[in-house]
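Notes for the one structure printed next.
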Amino acid sequence: MKKNWWQEVVVYQIYPRSFKDSNGDGIGDIRGMIEELDYLEKLGVGAIWLSPVYQSPNDDNGYDISDYEAIMDEFGTMEDMDEFLREANKRNIKIIMDLVVNHTSDEHQWFVEAKKGKDNPYRDYYVWADPAEDGGVPNDLRSTFSGSAWEFDEESGQYYLHLFSKKQPDLNWENDDMRQAVYEMMNFWIEKGIGGFRLDVIDLVGKKPLEEITGNGPRLHEFLQEMNQATFGNHDLLTVGETWGATPEIAKLYSNPERKELSMVFQFEHIGLDQQPGKEKWDLQPVDIAQLKEILTKWQTELGNEGWNSLFWNNHDLPRMVSRWGNDQDYRVESAKMLAILLHMMKGTPYIYQGEEIGMTNTPIRDISEAEDIETINMYNERLEKGYSKEEIIHSINAKGRDNARRPMAWNGEKQGGFTSGTPWIALNENYKEINVEAALNDTNSIFYTYQNLIQLRKDNPIMVWGSFELVDTVDQVFSYYRKYEGECWLIVTNFSNEEQPFISEDEIEEVIIQNDKEKITTLREITLRPWQAFVVKVK
Ligand code: GLC
Ligand code: CA
């Protein structure tokens with residue numbers, strides 16, 4: 001496989017609304033992001049995945065786009081965006097734009113036109129269907145944000161499809177003109193000098209809604225090959241698809257370089273481990289570490305040369321991993337560092353979600369009035385109606401709700417954590433006085449420096465990028481593996497639990513690469529790992 005820049009970098013995800021507010025209106029913005037580029041340069045990241053900054057009525061915080069070639073007023077102007085690109089590029093940081101083309105906002109000009117009538121030229125840009133014989137919805141397809149995926153349009157007497165909120169009508173990818181319009185828009189951004197695209201719920205674009213096929217539809221890969229040719233194919237860009245249903249076999253279809261589709265995909269198999277099989281993410285169960293090891297090992301070994309992994313614990317849709325599978329009470333620092341070491345030492349491109357690098361935690365709510373997220377609020381109402389108790393639902397929200405990751409970034413211990421001089425659009429986590437960027441930078445032992453160190457190690461050691469992966473047989477709660485490259489061998493050992501765990505190896509330590517506590521590792525013969533202990537050693 002040819003070596004690509006996007007295999008060597010670490011990517012940092014910014015959720016602009018919650019990153020940094022520059023003008024006191026309580027909403028993060030582009031000028032705020034420009035102010036903090038030096039911080040990201042210090043961390044060492046090579047790319048930023050930018051959640052949507054396009055014009056949007058914010059029904060789903062920017063994932064409902066009303067104009068792809070304009071910037072959301074609250075975030076700034078196109079001039080600000082151009083400056084952000086320039087300033088980032090100066091620091092060797094590429095900008096990966098979030099490409100949301102499974103749907104638009106219902107306020108997008110295309111949909112405004114489409115609603116005008118069945119013979120409007122834009123009508124077929126969207127998915128319409130006649131009522132069922134009884135006059136009801138065409139079929140049983142459900143929206144990810146609760147309720148039917150079909151919304152009735154009085155004027156034309158037809159339903160339109162929305163796999164997300166009813167303000168996010170699905171585009172009809174069967175329409176050639178629509179696809180060409182999307183490619184033109186993508187080229188508009190490529191010409192600005194961006195570093196690539198993160199393709200939102202891209203596995204849905206080949207859908208056959210009347211046959212109730214949504215993910216992995218028949219023409220999906222044909223569309224992606226066409227897109228590749230019409231847009232990023234001739235540029236050296238990172239493209240990463242969000243693909244909830246991907247198995248390694250499916251991932252290869254997207255990312256085998258010979259097929260000319262995408263650089264890599266986000267797979268979510270490990271993310272589903274703490275939900276009851278066949279149920280929703282809100283139906284909780286504890287994660288089984290043995291299973292986690294099995295799944296991640298499968299992904300580490302099965303892609304071979306036909307694909308490349310993306311590595312992540314967090315994003316704007318997921319709860320904070322330190323609260324979820326780590327321990328944000330007694331072992332916050334240890335478990336956050338352990339999660340970082342475990343992930344960054346694997347084979348693939350690591351992604352960091354804003355605040356992860358300082359160990360930001362989930363933010364529990366007591367009442368639904370504290371929630372902002374449409375998915376959370378709709379689910380709450382749906383489950384109340386079904387007879388769940390309020391306590392039960394709030395418990396699920398605190399474990400899995402998307403607002404957990406969307407609390408403002410804490411920059412210092414002052415008022416509103418230095419995020420805004422005004423009133424934030426959503427409250428900060430109360431622990432911001434302790435957990436913030438300034439505190440992290442002032443403490444040489446902080447989680448931040450573990451991330452910084454991991455990113456630097458990656459730049460200095462090709463084994464971290466290109467080495468093979470081999471799981472080591474251990475007790476369930478210990479996650480250990482080798483990376484091997486050109487005669488060199490690294491051993492990664494992590495304790496994924498609150499208890500001490502045994503570890504035994506015949507290997508001789510040649511050099512300690514990184515560890516999450518101060519006591520230096522000197523031997524691997526029959527050792528006892530402290531809770532959440534993690535280290536990497538070069539071995540003979
Ligand atoms: C993706 C995004 C999520 C959004 C949804 C609809 O899953 O990550 O935030 O709500 O797509 O665009
Ligand atoms: Ca602002």
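To be explicit about the labels: the chains of the structure tokens are called A, B, and onward in the order shown, and within each one the residues are counted from 1, while ligands get numbers from 1 in the order they are shown.
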Just asking: which residues within segment 86-227 of chain A are alpha helix (DSSP H) according to DSSP, as a PyMOL selection string? chain A and resi 86-90+109-114+176-191+220-227
Atoms to include: N, CA and C atoms. Write the selected residues as an mmCIF file, in the first residue's frame.
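As a result, part-v5.cif now contains:
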```cif
data_model
loop_
_atom_site.group_PDB
_atom_site.id
_atom_site.type_symbol
_atom_site.label_atom_id
_atom_site.label_comp_id
_atom_site.auth_asym_id
_atom_site.auth_seq_id
_atom_site.Cartn_x
_atom_site.Cartn_y
_atom_site.Cartn_z
ATOM 1 N N ARG A 86 -6.256 29.372 6.191
ATOM 2 C CA ARG A 86 -4.882 29.866 6.002
ATOM 3 C C ARG A 86 -4.042 29.658 7.254
ATOM 4 N N GLU A 87 -4.612 30.042 8.391
ATOM 5 C CA GLU A 87 -3.863 29.954 9.651
ATOM 6 C C GLU A 87 -3.576 28.499 10.015
ATOM 7 N N ALA A 88 -4.525 27.629 9.747
ATOM 8 C CA ALA A 88 -4.315 26.208 10.042
ATOM 9 C C ALA A 88 -3.226 25.652 9.125
ATOM 10 N N ASN A 89 -3.314 25.959 7.848
ATOM 11 C CA ASN A 89 -2.331 25.450 6.892
ATOM 12 C C ASN A 89 -0.921 25.920 7.241
ATOM 13 N N LYS A 90 -0.822 27.169 7.724
ATOM 14 C CA LYS A 90 0.476 27.695 8.165
ATOM 15 C C LYS A 90 1.100 26.805 9.228
ATOM 16 N N GLN A 109 -32.661 25.659 -0.206
ATOM 17 C CA GLN A 109 -33.385 26.119 -1.394
ATOM 18 C C GLN A 109 -33.926 24.953 -2.224
ATOM 19 N N TRP A 110 -33.152 23.876 -2.303
ATOM 20 C CA TRP A 110 -33.609 22.712 -3.074
ATOM 21 C C TRP A 110 -34.930 22.186 -2.521
ATOM 22 N N PHE A 111 -35.044 22.108 -1.211
ATOM 23 C CA PHE A 111 -36.259 21.541 -0.634
ATOM 24 C C PHE A 111 -37.414 22.541 -0.709
ATOM 25 N N VAL A 112 -37.076 23.823 -0.535
ATOM 26 C CA VAL A 112 -38.101 24.853 -0.661
ATOM 27 C C VAL A 112 -38.741 24.747 -2.058
ATOM 28 N N GLU A 113 -37.889 24.559 -3.072
ATOM 29 C CA GLU A 113 -38.395 24.382 -4.437
ATOM 30 C C GLU A 113 -39.185 23.070 -4.552
ATOM 31 N N ALA A 114 -38.582 22.004 -4.048
ATOM 32 C CA ALA A 114 -39.187 20.673 -4.189
ATOM 33 C C ALA A 114 -40.612 20.638 -3.634
ATOM 34 N N ASP A 176 -29.558 12.137 -10.928
ATOM 35 C CA ASP A 176 -28.245 12.523 -11.457
ATOM 36 C C ASP A 176 -27.917 13.987 -11.204
ATOM 37 N N ASP A 177 -28.888 14.870 -11.407
ATOM 38 C CA ASP A 177 -28.620 16.304 -11.239
ATOM 39 C C ASP A 177 -28.249 16.620 -9.790
ATOM 40 N N MET A 178 -28.946 15.977 -8.881
ATOM 41 C CA MET A 178 -28.654 16.191 -7.463
ATOM 42 C C MET A 178 -27.213 15.784 -7.157
ATOM 43 N N ARG A 179 -26.823 14.621 -7.645
ATOM 44 C CA ARG A 179 -25.456 14.156 -7.372
ATOM 45 C C ARG A 179 -24.425 15.128 -7.963
ATOM 46 N N GLN A 180 -24.681 15.606 -9.189
ATOM 47 C CA GLN A 180 -23.730 16.552 -9.795
ATOM 48 C C GLN A 180 -23.654 17.832 -8.969
ATOM 49 N N ALA A 181 -24.787 18.283 -8.448
ATOM 50 C CA ALA A 181 -24.794 19.512 -7.636
ATOM 51 C C ALA A 181 -23.972 19.304 -6.366
ATOM 52 N N VAL A 182 -24.064 18.132 -5.782
ATOM 53 C CA VAL A 182 -23.261 17.823 -4.591
ATOM 54 C C VAL A 182 -21.769 17.833 -4.940
ATOM 55 N N TYR A 183 -21.420 17.238 -6.075
ATOM 56 C CA TYR A 183 -19.994 17.196 -6.456
ATOM 57 C C TYR A 183 -19.455 18.601 -6.708
ATOM 58 N N GLU A 184 -20.267 19.445 -7.330
ATOM 59 C CA GLU A 184 -19.828 20.830 -7.564
ATOM 60 C C GLU A 184 -19.545 21.536 -6.255
ATOM 61 N N MET A 185 -20.445 21.323 -5.304
ATOM 62 C CA MET A 185 -20.265 21.933 -3.989
ATOM 63 C C MET A 185 -18.980 21.408 -3.332
ATOM 64 N N MET A 186 -18.726 20.114 -3.470
ATOM 65 C CA MET A 186 -17.503 19.553 -2.877
ATOM 66 C C MET A 186 -16.267 20.193 -3.514
ATOM 67 N N ASN A 187 -16.319 20.410 -4.828
ATOM 68 C CA ASN A 187 -15.176 21.017 -5.509
ATOM 69 C C ASN A 187 -14.966 22.471 -5.088
ATOM 70 N N PHE A 188 -16.056 23.144 -4.777
ATOM 71 C CA PHE A 188 -15.959 24.508 -4.237
ATOM 72 C C PHE A 188 -15.064 24.504 -2.993
ATOM 73 N N TRP A 189 -15.265 23.513 -2.133
ATOM 74 C CA TRP A 189 -14.471 23.439 -0.900
ATOM 75 C C TRP A 189 -13.049 22.935 -1.163
ATOM 76 N N ILE A 190 -12.926 21.996 -2.078
ATOM 77 C CA ILE A 190 -11.584 21.483 -2.395
ATOM 78 C C ILE A 190 -10.711 22.618 -2.923
ATOM 79 N N GLU A 191 -11.311 23.477 -3.755
ATOM 80 C CA GLU A 191 -10.548 24.596 -4.311
ATOM 81 C C GLU A 191 -10.086 25.574 -3.235
ATOM 82 N N LEU A 220 -24.713 2.061 -3.476
ATOM 83 C CA LEU A 220 -23.842 2.843 -2.594
ATOM 84 C C LEU A 220 -22.413 3.003 -3.138
ATOM 85 N N HIS A 221 -21.792 1.888 -3.471
ATOM 86 C CA HIS A 221 -20.383 1.965 -3.870
ATOM 87 C C HIS A 221 -20.210 2.546 -5.268
ATOM 88 N N GLU A 222 -21.187 2.345 -6.086
ATOM 89 C CA GLU A 222 -21.170 2.996 -7.407
ATOM 90 C C GLU A 222 -21.165 4.524 -7.223
ATOM 91 N N PHE A 223 -22.009 5.017 -6.325
ATOM 92 C CA PHE A 223 -22.060 6.471 -6.083
ATOM 93 C C PHE A 223 -20.728 6.984 -5.538
ATOM 94 N N LEU A 224 -20.127 6.213 -4.630
ATOM 95 C CA LEU A 224 -18.874 6.682 -4.028
ATOM 96 C C LEU A 224 -17.747 6.700 -5.059
ATOM 97 N N GLN A 225 -17.736 5.724 -5.954
ATOM 98 C CA GLN A 225 -16.704 5.732 -6.994
ATOM 99 C C GLN A 225 -16.902 6.913 -7.930
ATOM 100 N N GLU A 226 -18.152 7.183 -8.230
ATOM 101 C CA GLU A 226 -18.463 8.332 -9.079
ATOM 102 C C GLU A 226 -18.029 9.632 -8.392
ATOM 103 N N MET A 227 -18.345 9.733 -7.108
ATOM 104 C CA MET A 227 -17.975 10.927 -6.335
ATOM 105 C C MET A 227 -16.456 11.102 -6.310
#
```
Can you list every residue of segment 279-379 of chain A that has an atom at most 8 Å from segment 247-270 of chain A, with its nearest atom pair and the distance in Å to one decimal, using only C-alpha atoms, ordered by chain then number, as a Markdown table?
```
| residue | atom | partner | partner_atom | distance |
| --- | --- | --- | --- | --- |
| A:Leu292 | CA | A:His270 | CA | 6.1 |
| A:Ile295 | CA | A:His270 | CA | 6.4 |
| A:Leu296 | CA | A:His270 | CA | 7.0 |
| A:Lys298 | CA | A:Pro248 | CA | 7.9 |
| A:Trp299 | CA | A:Pro248 | CA | 6.3 |
| A:Glu302 | CA | A:Pro248 | CA | 6.5 |
| A:Leu303 | CA | A:Pro248 | CA | 6.2 |
| A:Asn305 | CA | A:Asn256 | CA | 7.4 |
| A:Glu306 | CA | A:Asn256 | CA | 4.2 |
| A:Gly307 | CA | A:Ser255 | CA | 4.7 |
| A:Trp308 | CA | A:Met264 | CA | 5.5 |
| A:Asn309 | CA | A:Met264 | CA | 6.3 |
| A:Ser310 | CA | A:Phe266 | CA | 5.8 |
| A:Leu311 | CA | A:Phe266 | CA | 7.8 |
```
Excluding Pro424 of chain A and its own-chain neighbours fewer than 4 positions away, which residues fall within 9 Å of it when counting only C-alpha atoms? Please give them as a ChimeraX atom specification. /A:18,21,24-28,408,416,419-420,428
Output N, CA, C and O atoms for every residue in that selection, as a compact mmCIF listing (two decimals), in the first residue's frame.
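What ended up in part32.txt:
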```txt
# COMPACT_ATOMS: atom_id res chain seq x y z
N SER A 18 -19.21 24.45 20.64
CA SER A 18 -18.78 24.27 22.03
C SER A 18 -17.28 24.43 22.22
O SER A 18 -16.76 24.09 23.27
N ASP A 21 -15.84 30.64 22.23
CA ASP A 21 -16.66 31.78 21.81
C ASP A 21 -15.81 33.04 21.84
O ASP A 21 -15.25 33.40 22.87
N GLY A 24 -18.74 36.63 22.88
CA GLY A 24 -19.60 36.76 24.05
C GLY A 24 -21.07 36.44 23.84
O GLY A 24 -21.89 36.68 24.72
N ASP A 25 -21.43 35.86 22.67
CA ASP A 25 -22.84 35.50 22.50
C ASP A 25 -23.14 34.09 23.04
O ASP A 25 -24.26 33.59 22.91
N GLY A 26 -22.14 33.45 23.61
CA GLY A 26 -22.37 32.14 24.24
C GLY A 26 -22.22 30.97 23.29
O GLY A 26 -22.41 29.81 23.68
N ILE A 27 -21.89 31.27 22.02
CA ILE A 27 -21.78 30.22 21.01
C ILE A 27 -20.37 30.21 20.44
O ILE A 27 -19.86 31.26 20.00
N GLY A 28 -19.75 29.07 20.44
CA GLY A 28 -18.42 28.94 19.87
C GLY A 28 -18.43 29.39 18.41
O GLY A 28 -19.47 29.35 17.75
N PRO A 408 -19.48 22.90 26.74
CA PRO A 408 -18.37 23.74 26.29
C PRO A 408 -17.01 23.26 26.80
O PRO A 408 -16.89 22.76 27.90
N GLN A 416 -17.30 30.70 33.50
CA GLN A 416 -17.66 29.92 32.30
C GLN A 416 -16.44 29.26 31.66
O GLN A 416 -16.37 29.06 30.44
N PHE A 419 -14.70 29.82 28.28
CA PHE A 419 -15.30 29.48 26.99
C PHE A 419 -15.99 30.70 26.38
O PHE A 419 -15.91 30.95 25.18
N THR A 420 -16.68 31.47 27.24
CA THR A 420 -17.41 32.64 26.77
C THR A 420 -17.42 33.70 27.86
O THR A 420 -17.34 33.37 29.05
N LEU A 428 -21.71 24.54 31.19
CA LEU A 428 -20.46 23.77 31.31
C LEU A 428 -20.64 22.68 32.35
O LEU A 428 -21.51 22.76 33.22
```
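Rounded to one decimal, atom CA of Gly76 of chain A and atom CA of Ile352 of chain A lie 24.5 Å from each other.
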Spatial neighbours of segment 41-57 of chain A, 8 Å, only C-alpha atoms, chain gap at least 2 places, as a PyMOL selection string: chain A and resi 9-16+37-39+59+61-73+75+91-99+105+107+195+197-198+448+451-452+455-456
Which of segment 197-407 of chain A end up as strand (DSSP E or B) when DSSP is run on this backbone - answer as a list in words? Phe197, Arg198, Leu199, Lys208, Ile213, Leu238, Thr239, Val240, Gly241, Glu242, Met264, Val265, Phe266, Gln275, Leu284, Asn309, Ser310, Leu311, Thr349, Pro350, Tyr351, Ile352 and Tyr353 of chain A
Keeping only N, CA and C atoms, write the selected residues as an mmCIF file, in the first residue's frame.
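Just written: again38.cif:
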```
data_model
loop_
_atom_site.group_PDB
_atom_site.id
_atom_site.type_symbol
_atom_site.label_atom_id
_atom_site.label_comp_id
_atom_site.auth_asym_id
_atom_site.auth_seq_id
_atom_site.Cartn_x
_atom_site.Cartn_y
_atom_site.Cartn_z
ATOM 1 N N PHE A 197 -12.627 15.276 3.609
ATOM 2 C CA PHE A 197 -14.019 15.243 4.055
ATOM 3 C C PHE A 197 -14.265 14.096 5.034
ATOM 4 N N ARG A 198 -15.116 14.363 6.007
ATOM 5 C CA ARG A 198 -15.695 13.303 6.824
ATOM 6 C C ARG A 198 -17.122 13.182 6.315
ATOM 7 N N LEU A 199 -17.487 11.991 5.832
ATOM 8 C CA LEU A 199 -18.771 11.849 5.153
ATOM 9 C C LEU A 199 -19.822 11.295 6.110
ATOM 10 N N LYS A 208 -32.933 2.220 -0.496
ATOM 11 C CA LYS A 208 -34.132 1.900 -1.272
ATOM 12 C C LYS A 208 -35.283 1.947 -0.274
ATOM 13 N N ILE A 213 -34.824 -0.689 2.648
ATOM 14 C CA ILE A 213 -33.365 -0.826 2.738
ATOM 15 C C ILE A 213 -32.813 0.577 2.978
ATOM 16 N N LEU A 238 -7.779 13.370 2.740
ATOM 17 C CA LEU A 238 -8.270 12.351 3.667
ATOM 18 C C LEU A 238 -9.788 12.285 3.527
ATOM 19 N N THR A 239 -10.317 11.100 3.311
ATOM 20 C CA THR A 239 -11.768 10.951 3.304
ATOM 21 C C THR A 239 -12.143 9.828 4.261
ATOM 22 N N VAL A 240 -13.047 10.131 5.173
ATOM 23 C CA VAL A 240 -13.443 9.114 6.159
ATOM 24 C C VAL A 240 -14.964 9.066 6.239
ATOM 25 N N GLY A 241 -15.494 7.880 6.012
ATOM 26 C CA GLY A 241 -16.945 7.718 5.995
ATOM 27 C C GLY A 241 -17.467 7.274 7.352
ATOM 28 N N GLU A 242 -18.586 7.850 7.755
ATOM 29 C CA GLU A 242 -19.258 7.380 8.972
ATOM 30 C C GLU A 242 -20.162 6.219 8.570
ATOM 31 N N MET A 264 -10.725 5.752 4.521
ATOM 32 C CA MET A 264 -11.038 4.874 5.654
ATOM 33 C C MET A 264 -12.471 5.134 6.107
ATOM 34 N N VAL A 265 -12.949 4.281 7.003
ATOM 35 C CA VAL A 265 -14.277 4.518 7.578
ATOM 36 C C VAL A 265 -14.201 4.495 9.107
ATOM 37 N N PHE A 266 -15.178 5.127 9.736
ATOM 38 C CA PHE A 266 -15.391 4.932 11.162
ATOM 39 C C PHE A 266 -16.297 3.720 11.298
ATOM 40 N N GLN A 275 -24.528 -1.941 24.944
ATOM 41 C CA GLN A 275 -25.985 -1.896 24.823
ATOM 42 C C GLN A 275 -26.500 -3.313 24.643
ATOM 43 N N LEU A 284 -28.978 -0.273 28.435
ATOM 44 C CA LEU A 284 -27.588 -0.411 28.860
ATOM 45 C C LEU A 284 -27.225 -1.810 29.338
ATOM 46 N N ASN A 309 -7.570 1.487 9.344
ATOM 47 C CA ASN A 309 -8.482 1.750 10.458
ATOM 48 C C ASN A 309 -8.494 3.211 10.855
ATOM 49 N N SER A 310 -9.636 3.679 11.316
ATOM 50 C CA SER A 310 -9.670 4.913 12.081
ATOM 51 C C SER A 310 -9.856 4.471 13.523
ATOM 52 N N LEU A 311 -9.173 5.151 14.443
ATOM 53 C CA LEU A 311 -9.182 4.758 15.850
ATOM 54 C C LEU A 311 -9.823 5.864 16.673
ATOM 55 N N THR A 349 -5.418 5.484 12.022
ATOM 56 C CA THR A 349 -5.295 6.923 12.265
ATOM 57 C C THR A 349 -6.113 7.290 13.503
ATOM 58 N N PRO A 350 -5.455 7.780 14.556
ATOM 59 C CA PRO A 350 -6.185 8.133 15.778
ATOM 60 C C PRO A 350 -6.929 9.462 15.642
ATOM 61 N N TYR A 351 -8.111 9.506 16.226
ATOM 62 C CA TYR A 351 -8.910 10.728 16.293
ATOM 63 C C TYR A 351 -9.103 11.098 17.761
ATOM 64 N N ILE A 352 -8.934 12.395 18.053
ATOM 65 C CA ILE A 352 -9.157 12.909 19.407
ATOM 66 C C ILE A 352 -10.359 13.834 19.331
ATOM 67 N N TYR A 353 -11.291 13.695 20.239
ATOM 68 C CA TYR A 353 -12.433 14.618 20.263
ATOM 69 C C TYR A 353 -12.178 15.712 21.300
#
```
Using only C-alpha atoms and all ligand atoms, what does the table of chain A residues within 8 Å of ligand 1 look like, with each row giving the shortest atom pair and its distance in Å to one decimal, sorted by chain and ascending number, as CSV?
```
residue,atom,partner,partner_atom_place_in_ligand_line,distance
A:Asp60,CA,ligand 1,10 (O),5.8
A:Asn61,CA,ligand 1,9 (O),7.8
A:Tyr63,CA,ligand 1,12 (O),4.6
A:Asp64,CA,ligand 1,12 (O),6.7
A:Val100,CA,ligand 1,12 (O),6.3
A:Asn102,CA,ligand 1,12 (O),7.6
A:His103,CA,ligand 1,12 (O),7.3
A:Phe164,CA,ligand 1,6 (C),6.0
A:Gln168,CA,ligand 1,12 (O),7.9
A:Asp200,CA,ligand 1,1 (C),5.2
A:Val201,CA,ligand 1,11 (O),5.3
A:Glu242,CA,ligand 1,7 (O),7.2
A:Asn315,CA,ligand 1,8 (O),8.0
A:His316,CA,ligand 1,9 (O),6.5
A:Asp317,CA,ligand 1,9 (O),5.5
A:Glu375,CA,ligand 1,10 (O),7.7
```
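The closest residue to Tyr125 of chain A, picked from A:Thr528, A:Asn58, A:Ser468, A:Asn172 and counting only C-alpha atoms, is A:Asn172.
In this comparison, which uses only C-alpha atoms, the residue of A:Leu40, A:Leu318, A:Leu85, A:Ala427 approaching Gly401 of chain A most closely is A:Leu318.
Ranking A:Lys3, A:Arg406, A:Lys538, A:Arg31 by their shortest atom-to-atom distance to ligand 2, with only C-alpha atoms and all ligand atoms included, puts A:Arg31 first.
Between ligand 2 and the candidates A:Asn398, A:Trp425, A:Met345, A:Lys166, the tightest atom-to-atom separation, counting only C-alpha atoms and all ligand atoms, involves A:Trp425.
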What is the distance between atom CA of Gly348 of chain A and atom CA of Gln7 of chain A, in Å to one decimal? 6.7 Å
For Ser146 of chain A, list every protein, DNA or RNA residue within 10 Å, evaluated using only C-alpha atoms, and leave out those in the same chain fewer than 6 positions away; present the list as a VMD selection string. chain A and resid 163 to 165 374 to 383
Write the residues of the selection above to a file with N, CA, C and O atoms, as a compact mmCIF listing (two decimals), in the first residue's frame.
```txt
# COMPACT_ATOMS: atom_id res chain seq x y z
N LEU A 163 -34.74 10.25 7.48
CA LEU A 163 -34.19 9.21 8.39
C LEU A 163 -33.72 9.85 9.70
O LEU A 163 -33.50 9.14 10.68
N PHE A 164 -33.61 11.18 9.72
CA PHE A 164 -33.31 11.89 10.97
C PHE A 164 -34.51 12.79 11.27
O PHE A 164 -35.64 12.34 11.12
N SER A 165 -34.32 14.05 11.67
CA SER A 165 -35.49 14.83 12.07
C SER A 165 -36.32 15.23 10.85
O SER A 165 -35.83 15.19 9.72
N ILE A 374 -31.68 17.03 20.18
CA ILE A 374 -32.97 16.59 19.61
C ILE A 374 -33.17 15.09 19.77
O ILE A 374 -34.27 14.62 20.07
N GLU A 375 -32.10 14.31 19.60
CA GLU A 375 -32.23 12.85 19.73
C GLU A 375 -32.66 12.50 21.16
O GLU A 375 -33.56 11.69 21.37
N THR A 376 -32.01 13.14 22.12
CA THR A 376 -32.30 12.88 23.53
C THR A 376 -33.74 13.27 23.88
O THR A 376 -34.47 12.50 24.51
N ILE A 377 -34.12 14.45 23.46
CA ILE A 377 -35.45 14.96 23.83
C ILE A 377 -36.56 14.11 23.19
O ILE A 377 -37.54 13.74 23.85
N ASN A 378 -36.39 13.78 21.90
CA ASN A 378 -37.41 12.95 21.25
C ASN A 378 -37.51 11.57 21.90
O ASN A 378 -38.60 11.04 22.10
N MET A 379 -36.36 10.99 22.22
CA MET A 379 -36.36 9.66 22.86
C MET A 379 -37.05 9.74 24.21
O MET A 379 -37.84 8.88 24.58
N TYR A 380 -36.79 10.79 24.96
CA TYR A 380 -37.40 10.96 26.28
C TYR A 380 -38.92 10.93 26.16
O TYR A 380 -39.61 10.18 26.86
N ASN A 381 -39.43 11.72 25.22
CA ASN A 381 -40.90 11.78 25.06
C ASN A 381 -41.46 10.45 24.61
O ASN A 381 -42.51 10.00 25.09
N GLU A 382 -40.74 9.80 23.68
CA GLU A 382 -41.23 8.52 23.18
C GLU A 382 -41.27 7.48 24.30
O GLU A 382 -42.25 6.75 24.44
N ARG A 383 -40.22 7.43 25.10
CA ARG A 383 -40.17 6.40 26.15
C ARG A 383 -41.14 6.69 27.30
O ARG A 383 -41.69 5.77 27.90
```
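Remark: for ligand 2, the closest of the candidate residues A:Pro121, A:Gly422, A:Trp150, A:Ile394 is A:Gly422 (distances computed over only C-alpha atoms and all ligand atoms).
Summary of the local environment: counting only C-alpha atoms, residues at most 7 Å from segment 330-339 of chain A, other than itself and those fewer than 3 positions away along its chain, are A:Val322, A:Gly326, A:Asn327, A:Leu342, A:Leu343, A:Gly359, A:Ile447, A:Thr450, A:Thr494, A:Asn516, A:Trp532, A:Gln533, A:Ala534.
In terms of minimum interatomic distance to Phe479 of chain A, A:Pro502 ranks closest within A:Pro502, A:Gly278, A:Gly417, A:Gly304, counting only C-alpha atoms.
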Between atom CA of Glu133 of chain A and atom CA of Phe152 of chain A, what is the distance, to one decimal in Å? 14.5 Å
